[in-house]
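Before any comments, here is the structure.
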Amino acid sequence: MNYESGKTKLETIKIFNFPVSSLHFSIMQENRFFSIIAVIEFLGGVPLLQRLPVSSLKKIAEVVKVKHYDNGEFVLRKGKGGDGVYFIWEGEAEVAGHAEEEIHPEYILKRYDYFGSGAPASNQPADVIASSKLTCLVLPHKHCTLLQPKSIWSAEERHEMSSPVESILHLDPIEVNLFRGITLPDAPKFGKVFGGQFIGQALAAASKTVDYLKVVHHLQAYFLLVGDFDIPIIYEVHRIRDGKSFASRRVDAIQKGNLVFTLLASFQKEEKGFEHQETVMPMVPSPETLVSMEELRERRIIDPRLPRTYRNKVATTKFDPWPIEIRFCDPSTSTNQTKSPPSLRYWFRAKGKLSDDQALHRCVVAYASDLLFIEVSSNPHRRRGLKISVLSLNHTMWFHRPVKADDWLLFVVNSPSAYDARGLCLGQMYNRNGELVVSLVQEGLLREAKRPKQNIRAKY
């Protein structure tokens with residue numbers, strides 16, 4: 001494919017590993033120009049492609065060919081092989097040779113519709129005829145393997161270094177705007193579907209319906225019912241708005257016909273703008289000097305400063321490692337029955353290596369943000385013999401800058417208030433350069449547990 005440099009006054013900055021200068025190159029075929037940005041945005045609206053990882057979409061945008069047809073011209077002929085898979089860019093086409101005598105709307109193909117075959121030897125079952133001036137993007141046969149990814153995040157097979165949280169956030173597309181998620185056997189559960197899993201999977205579903213130049217900058221989530229980790233979760237995406245710079249989505253999570261969780265998310269295309277940061281990352285030890293949760297657990301089991309009953313309970317309770325590595329900045333001898341300040345600081349990152357997809361990294365951060373957040377609001381109220389039940393009610397996040405979730409991020413949490421059986425926690429996340437990358441707010445239900453079985457113990 002030939003590329004011609006598009007004229008632009010924009011500076012060369014990066015849009016998630018695509019320099020703007022290269023994105024403004026144009027495809028020149030038959031004396032017509034197609035901006036690569038426009039092609040990428042178009043591909044984001046094709047239902048067939050919502051299951052593809054970013055790496056496959058990037059490649060498709062580079063290799064598609066442009067074809068033009070006049071009104072009445074055959075695009076494909078019955079019994080003959082085409083040039084690959086066709087995506088309608090502009091205009092309309094009709095499918096001929098079907099059982100209906102009159103042209104039914106189902107057989108009129110419009111923008112974002114697709115047809116054809118990925119196999120060169122495959123014979124077409126019907127004629128496809130242009131019913132107006134028609135422009136198609138054609139993915140050649142030799143590149144149609146791009147339509148068969150290993151997961152929504154990666155076109156490659158998983159390897160030993162792959163991050164386990166990437167598997168937790170994998171979804172199976174089952175229909176346009178519909179995805180199915182499951183709770184893996186070794187995923188964190190805490191007696192129910194983990195709230196972070198709802199957030200991460202719902203955000204993943206929304207992200208797959210938006211062109212990948214737009215990434216989430218804000219989300220608002222509501223936990224409505226307790227989720228059952230033994231059955232799949234259906235995520236239904238509602239396309240609220242698609243604009244040039246912004247897109248909005250609502251995602252409903254459904255189990256047994258009931259709405260159990262809902263998420264609103266706004267996506268934005270990166271652009272040059274004003275920048276400032278007033279907040280300063282607190283001075284904390286580097287993560288390399290701190291112990292992991294697993295190491296900390298082993299130390300607490302043999303720490304004589306802790307109550308014997310607590311140490312025995314920790315030692316006999318099965319511990320399933322989390323897919324997120326956590327290192328506390330201020331390790332202490334506090335327990336879930338010890339009063340402490342309503343604040344917490346810790347470093348975290350995904351275990352293993354994540355695929356190179358900014359949408360995935362933001363989904364992972366969203367997933368991890370619910371592991372140790374609202375529990376902080378219970379810290380000042382703990383005492384021996386008191387069992388506190390903590391449940392998330394709502395969760396809000398603002399993504400200020402790109403994130404890398406498989407590198408260390410500092411999560412600073414404090415709870416300014418608890419009242420009327422509700423606790424409130426505020427959070428800030430910084431990268432290792434001290435840049436504020438995410439701001440968060442979570443509200444949760446904070447109650448004295450009436451029965452021991454209702455106790456949801458603190459996770460740290």
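Chain labels follow the order of the structure tokens: the first chain is A, the next B, and so on; residue numbering restarts at 1 in every chain, and ligands are counted from 1 in their shown order.
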- Message: I'd like the contact shell of Ala93 in chain A - 6 Å cut-off, only C-alpha atoms, skipping same-chain residues fewer than 6 positions apart - returned as a count of residues only.
- Response: 5
- Contacts of range 269-286 of chain A within 10 Å, only C-alpha atoms, excl. fewer than 3 positions in-chain, as JSON, numbers by chain: {"A": [10, 11, 13, 14, 15, 16, 20, 211, 212, 213, 214, 215, 216, 217, 243, 244, 245, 246, 247, 289, 290, 327, 328, 329, 330, 345, 346, 347, 401, 402, 408, 410, 411, 412, 428, 429, 430, 431, 432, 433, 434, 435, 436]}
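The residue that comes closest to Phe261 in chain A, out of A:Arg447, A:Lys80, A:His395, A:Lys67 and on the basis of only C-alpha atoms, is A:His395.
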Which residues come within 9 Å of range 174-176 of chain A, counting only C-alpha atoms, excluding same-chain residues fewer than 2 positions away, as a PDB file with N, CA, C and O atoms, in the first residue's frame?
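Here's the written file part13.pdb:
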ATOM      1  N   PRO A  47     -19.084  -4.029  13.466  1.00  0.00           N
ATOM      2  CA  PRO A  47     -19.385  -5.016  14.515  1.00  0.00           C
ATOM      3  C   PRO A  47     -18.483  -6.250  14.474  1.00  0.00           C
ATOM      4  O   PRO A  47     -18.103  -6.775  15.522  1.00  0.00           O
ATOM      5  N   LEU A  48     -18.136  -6.716  13.292  1.00  0.00           N
ATOM      6  CA  LEU A  48     -17.297  -7.907  13.167  1.00  0.00           C
ATOM      7  C   LEU A  48     -15.968  -7.751  13.885  1.00  0.00           C
ATOM      8  O   LEU A  48     -15.392  -8.719  14.386  1.00  0.00           O
ATOM      9  N   GLN A  50     -15.204  -5.946  16.667  1.00  0.00           N
ATOM     10  CA  GLN A  50     -15.182  -5.558  18.069  1.00  0.00           C
ATOM     11  C   GLN A  50     -14.469  -6.588  18.946  1.00  0.00           C
ATOM     12  O   GLN A  50     -14.108  -6.305  20.084  1.00  0.00           O
ATOM     13  N   ASP A 172     -15.848 -13.047  25.844  1.00  0.00           N
ATOM     14  CA  ASP A 172     -16.235 -13.692  24.589  1.00  0.00           C
ATOM     15  C   ASP A 172     -17.340 -12.873  23.935  1.00  0.00           C
ATOM     16  O   ASP A 172     -18.437 -12.754  24.504  1.00  0.00           O
ATOM     17  N   LEU A 178     -22.787  -7.382  22.712  1.00  0.00           N
ATOM     18  CA  LEU A 178     -22.999  -8.341  23.798  1.00  0.00           C
ATOM     19  C   LEU A 178     -21.729  -9.162  24.029  1.00  0.00           C
ATOM     20  O   LEU A 178     -21.141  -9.688  23.075  1.00  0.00           O
ATOM     21  N   PHE A 179     -21.326  -9.275  25.289  1.00  0.00           N
ATOM     22  CA  PHE A 179     -20.129 -10.024  25.651  1.00  0.00           C
ATOM     23  C   PHE A 179     -20.446 -10.919  26.844  1.00  0.00           C
ATOM     24  O   PHE A 179     -21.323 -10.616  27.647  1.00  0.00           O
ATOM     25  N   ARG A 180     -19.691 -12.006  26.936  1.00  0.00           N
ATOM     26  CA  ARG A 180     -19.853 -12.910  28.067  1.00  0.00           C
ATOM     27  C   ARG A 180     -18.532 -12.993  28.833  1.00  0.00           C
ATOM     28  O   ARG A 180     -17.471 -13.238  28.258  1.00  0.00           O
ATOM     29  N   THR A 209     -16.133  -1.574  21.863  1.00  0.00           N
ATOM     30  CA  THR A 209     -17.120  -1.000  20.931  1.00  0.00           C
ATOM     31  C   THR A 209     -16.740   0.419  20.513  1.00  0.00           C
ATOM     32  O   THR A 209     -17.531   1.097  19.862  1.00  0.00           O
ATOM     33  N   VAL A 237     -23.684  -3.673  25.997  1.00  0.00           N
ATOM     34  CA  VAL A 237     -23.154  -2.326  25.791  1.00  0.00           C
ATOM     35  C   VAL A 237     -24.177  -1.478  25.046  1.00  0.00           C
ATOM     36  O   VAL A 237     -24.705  -1.895  24.012  1.00  0.00           O
TER      37      VAL A 237
END
- Message: Would you pick out the contacts of Leu224 in chain A at 8 Å or less, using only C-alpha atoms, so that residues sharing its chain but fewer than 4 positions from it are not included, and give the list as a ChimeraX atom specification?
- Response: /A:259-262,393
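Proximity to Cys144 in chain A was assessed for A:Ser132, A:Gln124, A:Ser117, A:Asn379 counting only C-alpha atoms; the smallest distance is recorded for A:Ser117.
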- Note on the structure: Ser151 in chain A proximity check over A:Cys425, A:Val165, A:Val128, A:Leu171, using only C-alpha atoms: winner is A:Leu171
- Can you list, as a ChimeraX atom specification, every protein, DNA or RNA residue that comes within 7 Å of Arg362 in chain A when you count only C-alpha atoms, leaving out same-chain residues fewer than 4 positions away? /A:358,366,403
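Interatomic distance, CA of Gly91 in chain A against CA of Lys65 in chain A: 16.5 Å.
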- From the list A:Tyr419, A:Gly116, A:Thr183, A:Gln148, the nearest residue to Ile231 in chain A using only C-alpha atoms is A:Thr183
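You will find CA of Val413 in chain A at 23.0 Å from CA of Val193 in chain A.
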- Message: Which of range 32-268 of chain A end up as strand (DSSP E) when DSSP is run on this backbone - answer as a ChimeraX atom specification?
- Response: /A:32-35,65-69,74-76,84-90,93-96,108-109,114-116,127-130,134-140,172-175,178-181,214-223,233-242,246-255,258-268
- Compile the contact shell of His361 in chain A as a list in words: residues with an atom at most 8 Å away, counting only C-alpha atoms, same-chain residues fewer than 4 positions apart removed. Leu354, Asp357, Val365, Val403, Lys404, Ala405 and Asp406 of chain A
Just the selected residues (N, CA, C and O atoms), exported as a PDB file, in the first residue's frame, please.
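Wrote it out as out.pdb, contents follow:
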ATOM      1  N   LEU A 354       1.677  -7.525  30.442  1.00  0.00           N
ATOM      2  CA  LEU A 354       0.417  -7.236  29.752  1.00  0.00           C
ATOM      3  C   LEU A 354       0.644  -6.949  28.283  1.00  0.00           C
ATOM      4  O   LEU A 354       1.710  -6.458  27.889  1.00  0.00           O
ATOM      5  N   ASP A 357      -1.673  -2.545  24.973  1.00  0.00           N
ATOM      6  CA  ASP A 357      -2.974  -1.972  24.630  1.00  0.00           C
ATOM      7  C   ASP A 357      -3.374  -1.060  25.783  1.00  0.00           C
ATOM      8  O   ASP A 357      -3.619  -1.523  26.892  1.00  0.00           O
ATOM      9  N   VAL A 365      -6.072  -1.360  35.770  1.00  0.00           N
ATOM     10  CA  VAL A 365      -6.042  -0.394  36.874  1.00  0.00           C
ATOM     11  C   VAL A 365      -7.426  -0.304  37.523  1.00  0.00           C
ATOM     12  O   VAL A 365      -7.551  -0.257  38.752  1.00  0.00           O
ATOM     13  N   VAL A 403      -1.433   5.123  31.442  1.00  0.00           N
ATOM     14  CA  VAL A 403      -0.957   4.295  32.547  1.00  0.00           C
ATOM     15  C   VAL A 403      -0.291   3.038  31.998  1.00  0.00           C
ATOM     16  O   VAL A 403      -0.599   2.584  30.892  1.00  0.00           O
ATOM     17  N   LYS A 404       0.597   2.507  32.783  1.00  0.00           N
ATOM     18  CA  LYS A 404       1.231   1.228  32.476  1.00  0.00           C
ATOM     19  C   LYS A 404       1.016   0.337  33.687  1.00  0.00           C
ATOM     20  O   LYS A 404       1.705   0.462  34.698  1.00  0.00           O
ATOM     21  N   ALA A 405       0.049  -0.553  33.585  1.00  0.00           N
ATOM     22  CA  ALA A 405      -0.409  -1.304  34.750  1.00  0.00           C
ATOM     23  C   ALA A 405       0.512  -2.441  35.149  1.00  0.00           C
ATOM     24  O   ALA A 405       0.351  -3.011  36.231  1.00  0.00           O
ATOM     25  N   ASP A 406       1.482  -2.828  34.294  1.00  0.00           N
ATOM     26  CA  ASP A 406       2.442  -3.850  34.698  1.00  0.00           C
ATOM     27  C   ASP A 406       3.738  -3.224  35.193  1.00  0.00           C
ATOM     28  O   ASP A 406       4.764  -3.902  35.315  1.00  0.00           O
TER      29      ASP A 406
END
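Here CA of Arg239 in chain A and CA of Ala202 in chain A stand 13.3 Å from one another.
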- Got a sec: who's within 8 Å of Lys339 in chain A, counting only C-alpha atoms, leaving out chain neighbours fewer than 3 positions off, as a ChimeraX atom specification? /A:334,379-383
